[in-house]
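Before any comments, here is the structure.
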Amino acid sequence: MNGELVDPDPSYKLTSDNVKKLLAIYMRMKAKIPVVCMGETGCGKTRMIKYLCDLIRGGKHVQNMIIVKVHGGLTPESIKLKVRRALDVARHNEALGVKLTVLFFDEANTTSAIGSIKELMVDRLNDGEPIPKSSTLQFICAVNPYRTHSDTMIKKLESAGLGYHIKAENTRDTLGNIPLRRLVYRVHALPLSLFPLVWDFGTVNQKNEKQYISQMVRNIREDQRLEQSEENQFINVLCISQEFMRERKDECSFVSLRDVERTLTIFKWFGSVQHILFPKMSVSTSEGQLNLSSFQLKALLALGVSYLTRLEKERKDYAKLVNREFGLDRFDEDILTKVVVCCQDLFVGELKLDSSIARNDALKENVWMMTLMIELKIPLFLVGKPGSSKSLAKTVIADIMQGQNSYSEMFKNFKEIHMVSFQCSPLATSDGIVGTFRQCQKYQQKKDLDKLTSVVILDEVGLAEDSPKMPLKALHPLLEDGCIDDDEPTPDKKVAFVGISNWALDPAKMNRGILLSRTPPDMQDLVKIGRGIGDKTCAQLTDYLIPDLAEGYMAVYKDQKREYFGLRDFYSLVKMVSALAKERKQKLTYRNVEVCVKRNFGGYFGDFYPAEVFLGKFKAIQRTSTDHPIQEKDLIKQALASHTKKDTRYVLLLTKNNAALSILQMPGLLGFPKSEILFGSSFPGDQEYSQICANINRIKICMETGVQVVLCNLDNLYESLYDALNQQYSFMGGSRYVDLGLGTHRVKCRVHPDFRLVLVAEDKDVYSRFPIPLINRLEKHFLGMETILEQSFYNLVDKLRLWVKSFCEVDIPTYKKNKYRQYRHDDVFVGYHEDAIPGIVLELSQHQDCIDEVVLEERCKERLLECATPDGVMRLTDTQLKDEAEDIFQTYFINQTHDSLAHYIHALPEDGNSLVQVTTHSRLLTSSSKAEIAEMLGMSQTAITLLSLQQFKTEEEFRKKMNQFTEKIEKAEDDSKRIMIAQVDAGENSARNLVECAKYIIQGMIMKMTKQTNFNLFLVIHLPRGSSYAGYPSQ
């Protein structure tokens, strides 16, 4: 400027494409046309605008570019404040002769306040206040493009569990009709008036990218003492790596110049520690020891970190290209992978691990990558299936990276770390994530940052991506320089970061760090891992079984619809087989292996029986005639038994209509001791954060005192228990501890040796809604009424099921079968499910007058008829039961009472208590209905309490009302009957859980009553026609 040319940034490569873009943006700014740049992440949008602003200010030392790093937590108020400050800066700059000041909104479409940015750019209004026409302030914003993932990628993400809380078609988190989770970048829709201003920034072409890379390598050439041939080799291999990644069809394809920059940073770091690492590394080939130069080792390791680790299946293809470029393709072996593995072995060899932990490839790679990325403060995204040693790596890294206090001589050369974990969930907010970073930054203040670093760990980070609050968008500025909003970047603000997830996140996040993608192990890896996990003292008794166990696991893994079973189940199976062999001190029988398999691959998922698929591949030991199949009831007894607590995982009981909860409360049936039952409230006011914290606190008390806990209907707090479910304890003073909490509110909780956790959940919820990482951490079994039913009743159950089928299916002529749908069982018997008949048989078989099987069968049919619909009964003449139709009519319409609630109450016994669930298609009762019922029964209206479950906001409110009712009965001087009618509209989605919650509360309160009372309590469920309701009152 002023007659002389000044290059404000010699490291920025000016290509012809860049010059054209710079001129085009400058002309728009001169014409006061707002600029909206749309381009892929990392394509140089921000850097170019900064270079342009530096050119405009010339040699003057003023700030003429203000960057606002937009994120999900940015509000219209904070935008308003930033604009006011920018106007002051523009006025100051103008006085100093700088005629243009730019307010740059980076990633503008990541905030829901995009409307405020549109108002600034198009209308030049700041929250309704006009921006002075004389102001030299110009607005530029960069936005991420709108692209959907490929169908393959969507399927991969959703099968991993993404969006398990809400189905994609039901989510409100959408862009038009497209769920945000199916977009490559999770962004908000641009206001229509910004569309004409959008300018496609495009992507960097191959030729320009090579020029940029050449410039970047040239910048480190002198410092790293690179020869010309080495420099050219490095430039070529970086260009090949970038191009190879872009050709991939998955998350690996999102690369930018940020990746090159990181590779060079890692290259320099290996140069600084080569005297520690390289003398200990020896790479051997079939031709003997391979002597690689220092440059080759540094380059291969840097490429291994930046590019090789992010690939899943194409690692060999990438290694071939790199080996060819370095002239190493003359060897049969893959030299790149050999060098990387050799370095990994060096790091993992320093760890002190329990004998039951295998030093498998996943653990090696996770530990190696976490150490390097923490040292360099480069964000790391650790992506892999449940069971790929991600949480374990976090634990061992925290133990060994203690600086001068480390138990490893090699690790004394690395930094001491202070680790803070944040447990992500769909309830996470940007404030929680920002708070974790702030906590780490505070710890780093006034410390020697060459010797100490804070590490933010975001656990199960993918779960937060499904939150409508988009909390992870706050990560973008934090990952770059540790600053957010008005913070000034300083060295102590930049902290190390590790994001642990089961699936890849959006590219805008992952491009700001290094992605480590762990592929599921193949057959060979599984055998190697299996032999590494087992107890070495009994290896000769178990090693020959491992290949068959691995084959069985692979068969289950491929056949399942969702990944209900993962690596954790396989590891647990191998440990159980090994422990049993050690205990027996001899080879295992078929029955021994069968028990272990059914314990770890138990339950059934729809029509998928994992244990049968698994055992179908097991050939190492043949079944003999004496090997009778073990009953599911006995397996569950073993899983819940106290003497096996130390060896086994916690248990997930799949059930129907919460039958498992009733069974666990039956004294002595499964040998399950008295336990604390936490039944989650489904009342709307109890879904708040404070209620979740209260429930976690109850679990914490049980953990410390050794009380067994049964959890039911508590979906929103299961993520908080992931550390406890892993059973990876830290030991202090002889006690075991785990982390417990939500978000940053985490506490170390002591775990009593007698503590045991059991989750009870509806089978359909587990199939469709439960997160895969949760299912994989637990031992799974199905527990229903049929499980505990004596074998002598099996024939009766089959007979009754056939009767129900015949009752429902109408005779349709063959030529009309395609036009009409047959009635389902639950269309005719309201609330019917597969476990209903075993439940009825079990209950009625306890009665003295039902000892005879014929009588029992008749009573069961009568009980089923109580929940049949009148139209179902009227159709009987057109079914296979037409011969029985007249008797059934007699029972249903004459002997039973189905016409009105008042008549039904009248037919109940005069004395005693009744808890009755009533389903109806009729409208809900009103206060006038209450008067009619009172009149028909000859009772006072005050003796009848009518309420709706939907009128209560919280469980506490409902309990108070129930308490008032029970106290009124117990204090009553006469023994006249009292009636309570609680009704609910089952048309709402939350109604089923609400009914279950209310039933649990009512049963609990009635059991506590001490005085002999006389009351009827009715739970009336209004069921819209055509809807189904699984909740047959079998108990």
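So you can find residues: chains in the structure tokens are A, B, ... in the order shown, residues in each start at 1, and ligands are numbered from 1 in order.
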
Show which residues sit within 12 Å of A:Arg649, as a count of residues only. Count only C-alpha atoms, and ignore same-chain residues fewer than 2 positions away. 35

I want to know what sits within 6 Å of stretch 931-946 of chain A, based on only C-alpha atoms, with residues of the same chain fewer than 3 positions away left out; could you give that as a PyMOL selection string? chain A and resi 902+928+978-981

Across A:Met373, A:Leu463, A:Val204, A:Leu197, the smallest distance to A:Leu427, with only C-alpha atoms counted, is shown by A:Leu463

Write out as a PyMOL selection string the residues lying within 10 Å of A:Phe614, counting only C-alpha atoms and excluding same-chain residues fewer than 3 positions away. chain A and resi 548-557+594+597-598+601+609-611+617-618

Serialized selection, N, CA, C and O atoms, as a PDB file, in the first residue's frame:
ATOM      1  N   ASP A 548     -13.908 -72.092  17.225  1.00  0.00           N
ATOM      2  CA  ASP A 548     -15.350 -72.361  17.111  1.00  0.00           C
ATOM      3  C   ASP A 548     -16.181 -71.258  17.775  1.00  0.00           C
ATOM      4  O   ASP A 548     -17.238 -70.878  17.275  1.00  0.00           O
ATOM      5  N   LEU A 549     -15.689 -70.751  18.905  1.00  0.00           N
ATOM      6  CA  LEU A 549     -16.396 -69.655  19.577  1.00  0.00           C
ATOM      7  C   LEU A 549     -16.395 -68.404  18.689  1.00  0.00           C
ATOM      8  O   LEU A 549     -17.408 -67.694  18.595  1.00  0.00           O
ATOM      9  N   ALA A 550     -15.269 -68.164  18.026  1.00  0.00           N
ATOM     10  CA  ALA A 550     -15.170 -66.997  17.131  1.00  0.00           C
ATOM     11  C   ALA A 550     -16.115 -67.164  15.942  1.00  0.00           C
ATOM     12  O   ALA A 550     -16.791 -66.208  15.525  1.00  0.00           O
ATOM     13  N   GLU A 551     -16.185 -68.389  15.413  1.00  0.00           N
ATOM     14  CA  GLU A 551     -17.071 -68.647  14.263  1.00  0.00           C
ATOM     15  C   GLU A 551     -18.543 -68.479  14.662  1.00  0.00           C
ATOM     16  O   GLU A 551     -19.348 -67.915  13.915  1.00  0.00           O
ATOM     17  N   GLY A 552     -18.879 -68.957  15.868  1.00  0.00           N
ATOM     18  CA  GLY A 552     -20.247 -68.804  16.368  1.00  0.00           C
ATOM     19  C   GLY A 552     -20.608 -67.333  16.525  1.00  0.00           C
ATOM     20  O   GLY A 552     -21.702 -66.900  16.149  1.00  0.00           O
ATOM     21  N   TYR A 553     -19.662 -66.548  17.085  1.00  0.00           N
ATOM     22  CA  TYR A 553     -19.904 -65.106  17.262  1.00  0.00           C
ATOM     23  C   TYR A 553     -20.120 -64.419  15.909  1.00  0.00           C
ATOM     24  O   TYR A 553     -21.037 -63.607  15.762  1.00  0.00           O
ATOM     25  N   MET A 554     -19.274 -64.768  14.928  1.00  0.00           N
ATOM     26  CA  MET A 554     -19.397 -64.140  13.594  1.00  0.00           C
ATOM     27  C   MET A 554     -20.757 -64.460  12.968  1.00  0.00           C
ATOM     28  O   MET A 554     -21.369 -63.615  12.317  1.00  0.00           O
ATOM     29  N   ALA A 555     -21.236 -65.693  13.182  1.00  0.00           N
ATOM     30  CA  ALA A 555     -22.546 -66.092  12.633  1.00  0.00           C
ATOM     31  C   ALA A 555     -23.659 -65.252  13.254  1.00  0.00           C
ATOM     32  O   ALA A 555     -24.555 -64.763  12.554  1.00  0.00           O
ATOM     33  N   VAL A 556     -23.603 -65.049  14.587  1.00  0.00           N
ATOM     34  CA  VAL A 556     -24.615 -64.232  15.277  1.00  0.00           C
ATOM     35  C   VAL A 556     -24.518 -62.786  14.800  1.00  0.00           C
ATOM     36  O   VAL A 556     -25.530 -62.143  14.513  1.00  0.00           O
ATOM     37  N   TYR A 557     -23.287 -62.283  14.706  1.00  0.00           N
ATOM     38  CA  TYR A 557     -23.057 -60.877  14.331  1.00  0.00           C
ATOM     39  C   TYR A 557     -23.644 -60.569  12.947  1.00  0.00           C
ATOM     40  O   TYR A 557     -24.245 -59.519  12.730  1.00  0.00           O
ATOM     41  N   GLU A 594     -22.399 -74.887  26.481  1.00  0.00           N
ATOM     42  CA  GLU A 594     -23.762 -74.441  26.174  1.00  0.00           C
ATOM     43  C   GLU A 594     -24.247 -73.409  27.201  1.00  0.00           C
ATOM     44  O   GLU A 594     -24.833 -72.389  26.848  1.00  0.00           O
ATOM     45  N   VAL A 597     -22.475 -70.093  26.552  1.00  0.00           N
ATOM     46  CA  VAL A 597     -23.000 -69.441  25.347  1.00  0.00           C
ATOM     47  C   VAL A 597     -24.370 -68.840  25.627  1.00  0.00           C
ATOM     48  O   VAL A 597     -24.646 -67.685  25.279  1.00  0.00           O
ATOM     49  N   LYS A 598     -25.241 -69.619  26.299  1.00  0.00           N
ATOM     50  CA  LYS A 598     -26.603 -69.121  26.564  1.00  0.00           C
ATOM     51  C   LYS A 598     -26.607 -67.979  27.581  1.00  0.00           C
ATOM     52  O   LYS A 598     -27.518 -67.154  27.578  1.00  0.00           O
ATOM     53  N   PHE A 601     -25.107 -65.082  25.090  1.00  0.00           N
ATOM     54  CA  PHE A 601     -25.870 -64.849  23.853  1.00  0.00           C
ATOM     55  C   PHE A 601     -27.299 -65.319  24.074  1.00  0.00           C
ATOM     56  O   PHE A 601     -27.848 -66.100  23.308  1.00  0.00           O
ATOM     57  N   TYR A 609     -32.984 -66.223  17.504  1.00  0.00           N
ATOM     58  CA  TYR A 609     -32.525 -66.880  18.729  1.00  0.00           C
ATOM     59  C   TYR A 609     -31.008 -67.022  18.660  1.00  0.00           C
ATOM     60  O   TYR A 609     -30.485 -67.960  18.045  1.00  0.00           O
ATOM     61  N   PRO A 610     -30.251 -66.081  19.243  1.00  0.00           N
ATOM     62  CA  PRO A 610     -28.796 -66.045  19.045  1.00  0.00           C
ATOM     63  C   PRO A 610     -28.065 -67.297  19.515  1.00  0.00           C
ATOM     64  O   PRO A 610     -27.134 -67.753  18.847  1.00  0.00           O
ATOM     65  N   ALA A 611     -28.474 -67.865  20.656  1.00  0.00           N
ATOM     66  CA  ALA A 611     -27.754 -69.030  21.187  1.00  0.00           C
ATOM     67  C   ALA A 611     -27.835 -70.209  20.210  1.00  0.00           C
ATOM     68  O   ALA A 611     -26.865 -70.955  20.028  1.00  0.00           O
ATOM     69  N   LYS A 617     -22.733 -73.494  15.016  1.00  0.00           N
ATOM     70  CA  LYS A 617     -21.381 -73.448  14.446  1.00  0.00           C
ATOM     71  C   LYS A 617     -20.353 -74.124  15.347  1.00  0.00           C
ATOM     72  O   LYS A 617     -19.170 -74.163  15.035  1.00  0.00           O
ATOM     73  N   PHE A 618     -20.800 -74.607  16.524  1.00  0.00           N
ATOM     74  CA  PHE A 618     -19.855 -75.164  17.494  1.00  0.00           C
ATOM     75  C   PHE A 618     -19.663 -76.661  17.251  1.00  0.00           C
ATOM     76  O   PHE A 618     -20.602 -77.438  17.415  1.00  0.00           O
TER      77      PHE A 618
END

Which residues are near A:Val527? Cut-off 7 Å, only C-alpha atoms, ignore same chain within fewer than 3 positions. Put them as a PDB file with N, CA, C and O atoms, in the first residue's frame.
ATOM      1  N   MET A 523     -12.173 -62.884  11.541  1.00  0.00           N
ATOM      2  CA  MET A 523     -12.069 -64.195  12.201  1.00  0.00           C
ATOM      3  C   MET A 523     -10.685 -64.403  12.840  1.00  0.00           C
ATOM      4  O   MET A 523     -10.563 -64.828  13.992  1.00  0.00           O
ATOM      5  N   GLN A 524      -9.645 -64.061  12.084  1.00  0.00           N
ATOM      6  CA  GLN A 524      -8.270 -64.251  12.551  1.00  0.00           C
ATOM      7  C   GLN A 524      -8.004 -63.402  13.804  1.00  0.00           C
ATOM      8  O   GLN A 524      -7.424 -63.866  14.778  1.00  0.00           O
ATOM      9  N   GLY A 530      -9.206 -63.821  21.511  1.00  0.00           N
ATOM     10  CA  GLY A 530      -9.746 -64.831  22.421  1.00  0.00           C
ATOM     11  C   GLY A 530      -8.655 -65.532  23.196  1.00  0.00           C
ATOM     12  O   GLY A 530      -8.774 -65.756  24.410  1.00  0.00           O
ATOM     13  N   ARG A 531      -7.563 -65.868  22.501  1.00  0.00           N
ATOM     14  CA  ARG A 531      -6.456 -66.564  23.175  1.00  0.00           C
ATOM     15  C   ARG A 531      -5.690 -65.621  24.104  1.00  0.00           C
ATOM     16  O   ARG A 531      -5.060 -66.062  25.061  1.00  0.00           O
ATOM     17  N   ILE A 546     -11.470 -71.836  20.998  1.00  0.00           N
ATOM     18  CA  ILE A 546     -11.578 -70.430  20.575  1.00  0.00           C
ATOM     19  C   ILE A 546     -12.007 -70.272  19.106  1.00  0.00           C
ATOM     20  O   ILE A 546     -12.898 -69.473  18.809  1.00  0.00           O
ATOM     21  N   PRO A 547     -11.420 -71.015  18.119  1.00  0.00           N
ATOM     22  CA  PRO A 547     -11.862 -70.826  16.728  1.00  0.00           C
ATOM     23  C   PRO A 547     -13.368 -71.055  16.537  1.00  0.00           C
ATOM     24  O   PRO A 547     -14.024 -70.311  15.811  1.00  0.00           O
ATOM     25  N   ALA A 550     -15.269 -68.164  18.026  1.00  0.00           N
ATOM     26  CA  ALA A 550     -15.170 -66.997  17.131  1.00  0.00           C
ATOM     27  C   ALA A 550     -16.115 -67.164  15.942  1.00  0.00           C
ATOM     28  O   ALA A 550     -16.791 -66.208  15.525  1.00  0.00           O
TER      29      ALA A 550
END

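Residues surrounding A:Arg258 within 10 Å are Thr41, Gly42, Cys43, Gly44, Arg262, Thr263, Asn511, Arg512, Gly513 and Ile514 of chain A [only C-alpha atoms; sequence separation below 4 positions excluded].
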
Between atom CA of A:Phe958 and atom CA of A:Phe1015 lies a distance of 18.3 Å

Quiz item: Hey, which of A:Val495, A:Met666, A:Ile114, A:Leu120 ends up closest to A:Gln439? Count only C-alpha atoms.
Solution: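 Checking each candidate against A:Gln439, we get A:Val495 as the closest.
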
A:Glu460, A:Asp765, A:Glu247, A:Glu129: which is nearest A:Leu653, counting only C-alpha atoms?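 For A:Leu653, the nearest of the candidates is A:Asp765.
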
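Close contacts of A:Lys385, defined as residues with an atom at most 10 Å away when counting only C-alpha atoms, with chain neighbours fewer than 2 positions off set aside, comprise Ala160, Val383, Gly387, Ser388, Ser389, Lys390, Ser501, Asn502, Trp503, Ser517, Arg518, Thr519, Pro520, Glu563, Gly566, Leu567, Arg568, Ile772, Pro773 and Asn776 of chain A.
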
Keeping only N, CA and C atoms, write the selected residues to a file as a JSON list (two decimals), in the first residue's frame.
[["chain", "number", "residue", "atom", "x", "y", "z"],
["A", 160, "ALA", "N", -25.83, -48.33, 13.75],
["A", 160, "ALA", "CA", -24.93, -48.14, 14.90],
["A", 160, "ALA", "C", -25.65, -47.57, 16.09],
["A", 383, "VAL", "N", -13.58, -43.52, 16.84],
["A", 383, "VAL", "CA", -14.85, -44.08, 16.38],
["A", 383, "VAL", "C", -14.72, -45.59, 16.23],
["A", 387, "GLY", "N", -17.13, -52.17, 22.45],
["A", 387, "GLY", "CA", -16.22, -53.29, 22.72],
["A", 387, "GLY", "C", -14.89, -53.16, 22.02],
["A", 388, "SER", "N", -14.64, -52.01, 21.33],
["A", 388, "SER", "CA", -13.36, -51.90, 20.62],
["A", 388, "SER", "C", -12.32, -51.17, 21.48],
["A", 389, "SER", "N", -12.35, -51.41, 22.79],
["A", 389, "SER", "CA", -11.33, -50.96, 23.76],
["A", 389, "SER", "C", -11.18, -49.45, 23.86],
["A", 390, "LYS", "N", -12.25, -48.69, 23.56],
["A", 390, "LYS", "CA", -12.14, -47.22, 23.62],
["A", 390, "LYS", "C", -12.09, -46.74, 25.07],
["A", 501, "SER", "N", -16.90, -42.20, 20.26],
["A", 501, "SER", "CA", -18.22, -42.40, 19.66],
["A", 501, "SER", "C", -18.33, -43.75, 18.99],
["A", 502, "ASN", "N", -19.58, -44.21, 18.81],
["A", 502, "ASN", "CA", -19.80, -45.47, 18.10],
["A", 502, "ASN", "C", -20.03, -45.25, 16.61],
["A", 503, "TRP", "N", -20.15, -44.00, 16.20],
["A", 503, "TRP", "CA", -20.34, -43.71, 14.77],
["A", 503, "TRP", "C", -19.69, -42.38, 14.44],
["A", 517, "SER", "N", -10.59, -44.70, 13.09],
["A", 517, "SER", "CA", -11.75, -45.56, 12.83],
["A", 517, "SER", "C", -11.36, -47.01, 13.08],
["A", 518, "ARG", "N", -12.03, -47.66, 14.03],
["A", 518, "ARG", "CA", -11.74, -49.04, 14.36],
["A", 518, "ARG", "C", -12.70, -49.97, 13.65],
["A", 519, "THR", "N", -12.18, -50.84, 12.83],
["A", 519, "THR", "CA", -13.04, -51.80, 12.12],
["A", 519, "THR", "C", -13.34, -52.99, 13.03],
["A", 520, "PRO", "N", -14.52, -53.61, 12.85],
["A", 520, "PRO", "CA", -14.78, -54.83, 13.62],
["A", 520, "PRO", "C", -13.74, -55.89, 13.25],
["A", 563, "GLU", "N", -27.29, -54.51, 16.01],
["A", 563, "GLU", "CA", -26.13, -55.12, 16.68],
["A", 563, "GLU", "C", -26.37, -55.31, 18.17],
["A", 566, "GLY", "N", -22.30, -57.78, 20.49],
["A", 566, "GLY", "CA", -21.06, -57.20, 19.96],
["A", 566, "GLY", "C", -19.85, -57.84, 20.62],
["A", 567, "LEU", "N", -18.72, -57.15, 20.50],
["A", 567, "LEU", "CA", -17.46, -57.71, 20.99],
["A", 567, "LEU", "C", -17.47, -57.95, 22.50],
["A", 568, "ARG", "N", -18.19, -57.09, 23.23],
["A", 568, "ARG", "CA", -18.22, -57.26, 24.69],
["A", 568, "ARG", "C", -18.80, -58.63, 25.06],
["A", 772, "ILE", "N", -27.45, -49.19, 21.20],
["A", 772, "ILE", "CA", -26.62, -50.38, 21.03],
["A", 772, "ILE", "C", -25.51, -50.47, 22.09],
["A", 773, "PRO", "N", -24.81, -49.36, 22.42],
["A", 773, "PRO", "CA", -23.76, -49.47, 23.45],
["A", 773, "PRO", "C", -24.29, -49.97, 24.78],
["A", 776, "ASN", "N", -25.08, -53.88, 24.48],
["A", 776, "ASN", "CA", -23.84, -54.67, 24.42],
["A", 776, "ASN", "C", -23.15, -54.83, 25.76]]

Identify, with DSSP run on backbone atoms, the residues in stretch 773-858 of chain A assigned to strand (DSSP E), and express the list as a list in words. Glu779, Lys780, His781 and Phe782 of chain A

Next item on the list: Please identify all polymer residues within 9 Å of A:Ser914, counting only C-alpha atoms, omitting same-chain residues fewer than 6 positions from it, and present them as a PyMOL selection string.
Entry: chain A and resi 908+1014-1018

Put those residues in a file: N, CA and C atoms, as a JSON list (two decimals), in the first residue's frame.
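Output file result16.json is given in full below:
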[["chain", "number", "residue", "atom", "x", "y", "z"],
["A", 908, "LEU", "N", -69.36, -57.07, 41.40],
["A", 908, "LEU", "CA", -68.19, -57.43, 42.23],
["A", 908, "LEU", "C", -68.63, -57.82, 43.64],
["A", 1014, "ASN", "N", -62.38, -51.69, 52.59],
["A", 1014, "ASN", "CA", -63.38, -52.10, 51.61],
["A", 1014, "ASN", "C", -63.42, -51.04, 50.50],
["A", 1015, "PHE", "N", -62.75, -51.33, 49.41],
["A", 1015, "PHE", "CA", -62.74, -50.36, 48.31],
["A", 1015, "PHE", "C", -62.53, -51.06, 46.96],
["A", 1016, "ASN", "N", -62.92, -50.36, 45.90],
["A", 1016, "ASN", "CA", -62.65, -50.81, 44.53],
["A", 1016, "ASN", "C", -61.83, -49.71, 43.84],
["A", 1017, "LEU", "N", -60.77, -50.13, 43.15],
["A", 1017, "LEU", "CA", -59.96, -49.15, 42.41],
["A", 1017, "LEU", "C", -59.92, -49.58, 40.95],
["A", 1018, "PHE", "N", -60.36, -48.69, 40.08],
["A", 1018, "PHE", "CA", -60.43, -49.02, 38.64],
["A", 1018, "PHE", "C", -59.47, -48.14, 37.85]]

* Asked: Suppose you want the space between atom CA of A:Asn109 and atom CA of A:Leu190; what is it in Å?
  ->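 Straight-line distance from atom CA of A:Asn109 to atom CA of A:Leu190 works out to 6.6 Å.
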
Could you give me the residues within stretch 326-425 of chain A that DSSP places in alpha helix (DSSP H), as a PDB file with C-alpha atoms, in the first residue's frame?
ATOM      1  CA  ILE A 335       6.252 -51.620   5.434  1.00  0.00           C
ATOM      2  CA  LEU A 336       3.986 -48.677   6.391  1.00  0.00           C
ATOM      3  CA  THR A 337       1.847 -50.911   8.642  1.00  0.00           C
ATOM      4  CA  LYS A 338       4.963 -52.652  10.056  1.00  0.00           C
ATOM      5  CA  VAL A 339       6.493 -49.306  11.080  1.00  0.00           C
ATOM      6  CA  VAL A 340       3.237 -48.137  12.678  1.00  0.00           C
ATOM      7  CA  VAL A 341       2.684 -51.434  14.569  1.00  0.00           C
ATOM      8  CA  CYS A 342       6.305 -51.431  15.734  1.00  0.00           C
ATOM      9  CA  CYS A 343       5.822 -47.960  17.260  1.00  0.00           C
ATOM     10  CA  GLN A 344       2.470 -48.986  18.797  1.00  0.00           C
ATOM     11  CA  ASP A 345       4.090 -52.052  20.437  1.00  0.00           C
ATOM     12  CA  LEU A 346       6.638 -49.728  22.004  1.00  0.00           C
ATOM     13  CA  PHE A 347       3.894 -47.697  23.706  1.00  0.00           C
ATOM     14  CA  VAL A 348       1.643 -50.625  24.736  1.00  0.00           C
ATOM     15  CA  ASP A 361      -4.751 -54.322  17.850  1.00  0.00           C
ATOM     16  CA  ALA A 362      -7.644 -52.060  18.894  1.00  0.00           C
ATOM     17  CA  LEU A 363      -6.123 -51.318  22.302  1.00  0.00           C
ATOM     18  CA  LYS A 364      -2.662 -50.761  20.785  1.00  0.00           C
ATOM     19  CA  GLU A 365      -3.939 -48.288  18.231  1.00  0.00           C
ATOM     20  CA  ASN A 366      -6.215 -46.454  20.696  1.00  0.00           C
ATOM     21  CA  VAL A 367      -3.449 -46.019  23.294  1.00  0.00           C
ATOM     22  CA  TRP A 368      -0.884 -44.927  20.678  1.00  0.00           C
ATOM     23  CA  MET A 369      -3.194 -42.390  19.059  1.00  0.00           C
ATOM     24  CA  MET A 370      -4.466 -40.984  22.355  1.00  0.00           C
ATOM     25  CA  THR A 371      -0.907 -40.479  23.653  1.00  0.00           C
ATOM     26  CA  LEU A 372       0.236 -38.664  20.489  1.00  0.00           C
ATOM     27  CA  MET A 373      -2.859 -36.491  20.136  1.00  0.00           C
ATOM     28  CA  ILE A 374      -2.814 -35.482  23.821  1.00  0.00           C
ATOM     29  CA  GLU A 375       0.890 -34.572  23.524  1.00  0.00           C
ATOM     30  CA  LEU A 376       0.222 -32.416  20.451  1.00  0.00           C
ATOM     31  CA  LYS A 390     -12.142 -47.220  23.615  1.00  0.00           C
ATOM     32  CA  SER A 391     -13.103 -46.776  27.295  1.00  0.00           C
ATOM     33  CA  LEU A 392     -10.293 -49.123  28.388  1.00  0.00           C
ATOM     34  CA  ALA A 393      -7.717 -47.036  26.488  1.00  0.00           C
ATOM     35  CA  LYS A 394      -9.004 -43.913  28.268  1.00  0.00           C
ATOM     36  CA  THR A 395      -8.533 -45.591  31.676  1.00  0.00           C
ATOM     37  CA  VAL A 396      -4.978 -46.884  31.037  1.00  0.00           C
ATOM     38  CA  ILE A 397      -3.862 -43.553  29.521  1.00  0.00           C
ATOM     39  CA  ALA A 398      -5.052 -41.711  32.651  1.00  0.00           C
ATOM     40  CA  ASP A 399      -2.963 -44.153  34.737  1.00  0.00           C
ATOM     41  CA  ILE A 400       0.298 -43.989  32.772  1.00  0.00           C
TER      42      ILE A 400
END
